[in-house]
Amino acid sequence: MEIKKVPSVDLQYYKGIFFLGGLNLALLVCLLLFNWRSRYEYDQEITNQTAVIVEQEEIPMTQQQEQKPEMAPPEAPKIISKINLVDRQVNLEADFDPFNTELNEGTSVDVYEYQEPVEEAEVEEEEVFFFVEEMPSFRGGGLEAFRQYVKENTRYPEAAAEVGIQGKVQVAFVVEPDGSVGRVKVVRSVDPILDKEAVRVVKSSPKWTPGKQRGKPARVGYTIPVVFFLQS
């Protein structure tokens with residue numbers, strides 16, 4: 001069913017007129033509010049009355065002194081001097097002159113021979129090389145021959161084998177100019193029992209053919225692993 005409206009009663013037709021009328025009414029109210037005057041009148045007697053100035057009395061600040069208790073002065077220490085007189089007889093020779101500094105022939109004198117202090121000479125340690133012109137030799141071979149010697153002569157400690165201790169002990173040593181092995185020490189430890197055996201087998205090394213640097217025997221340092229492994 002189609003709805004039909006009469007244009008004369010349609011309010012959408014007067015929408016613009018209503019909007020402009022409401023806007024004018026709002027502006028009129030704002031103007032009235034801005035021009036509104038209050039009826040409150042100030043009391044001239046109250047506003048013109050001068051304020052009474054009241055002078056404040058200044059109270060001086062007082063500081064109370066701290067009273068310290070009177071203490072009696074300390075008594076002076078009593079000095080007691082006691083002199084013990086000892087009867088002592090000293091027999092002096094009649095010809096004795098205490099101010100005579102000259103020696104007599106009969107005076108005995110102990111004679112000491114002066115010796116200058118001897119300065120201890122500083123012993124300079126020879127330098128340790130790790131690479132020299134002519135490397136040390138062990139039984140006609142080099143470091144590999146010494147490793148084979150260590151492998152053949154190492155004895156596995158029973159105390160370490162019972163508890164299953166194993167590993168590699170790094171041992172450092174120096175081949176001296178006379179071919180002997182010295183300065184043996186552990187640089188990487190596994191267990192004190194294994195360390196002791198590793199040091200023992202390295203110290204038991206026979207003499208090497210020493211290395212040479214510039215034609216002279218030199219000290220050469222090495223580091224080798226001593227292996228301890230249990231076979232399953």
# chains A, B, ... in the order shown; residues from 1 in each chain; ligands from 1

$ residues_around --residues "region 168-173 of chain A" --least-positions-apart "3" --cutoff "6 Å" --atoms "only C-alpha atoms" --output "VMD selection string"
chain A and resid 182 to 190 221 to 227

$ closest_residue --among "A:Lys216, A:Arg200, A:Lys207, A:Lys15" --to "Val150 (chain A)" --atoms "only C-alpha atoms"
A:Arg200

$ residues_around --residues "region 153-165 of chain A" --least-positions-apart "5" --cutoff "8 Å" --atoms "only C-alpha atoms" --output "list in words"
Asp191, Ile193, Leu194, Glu197, Ala198, Val201, Phe228 and Leu230 of chain A
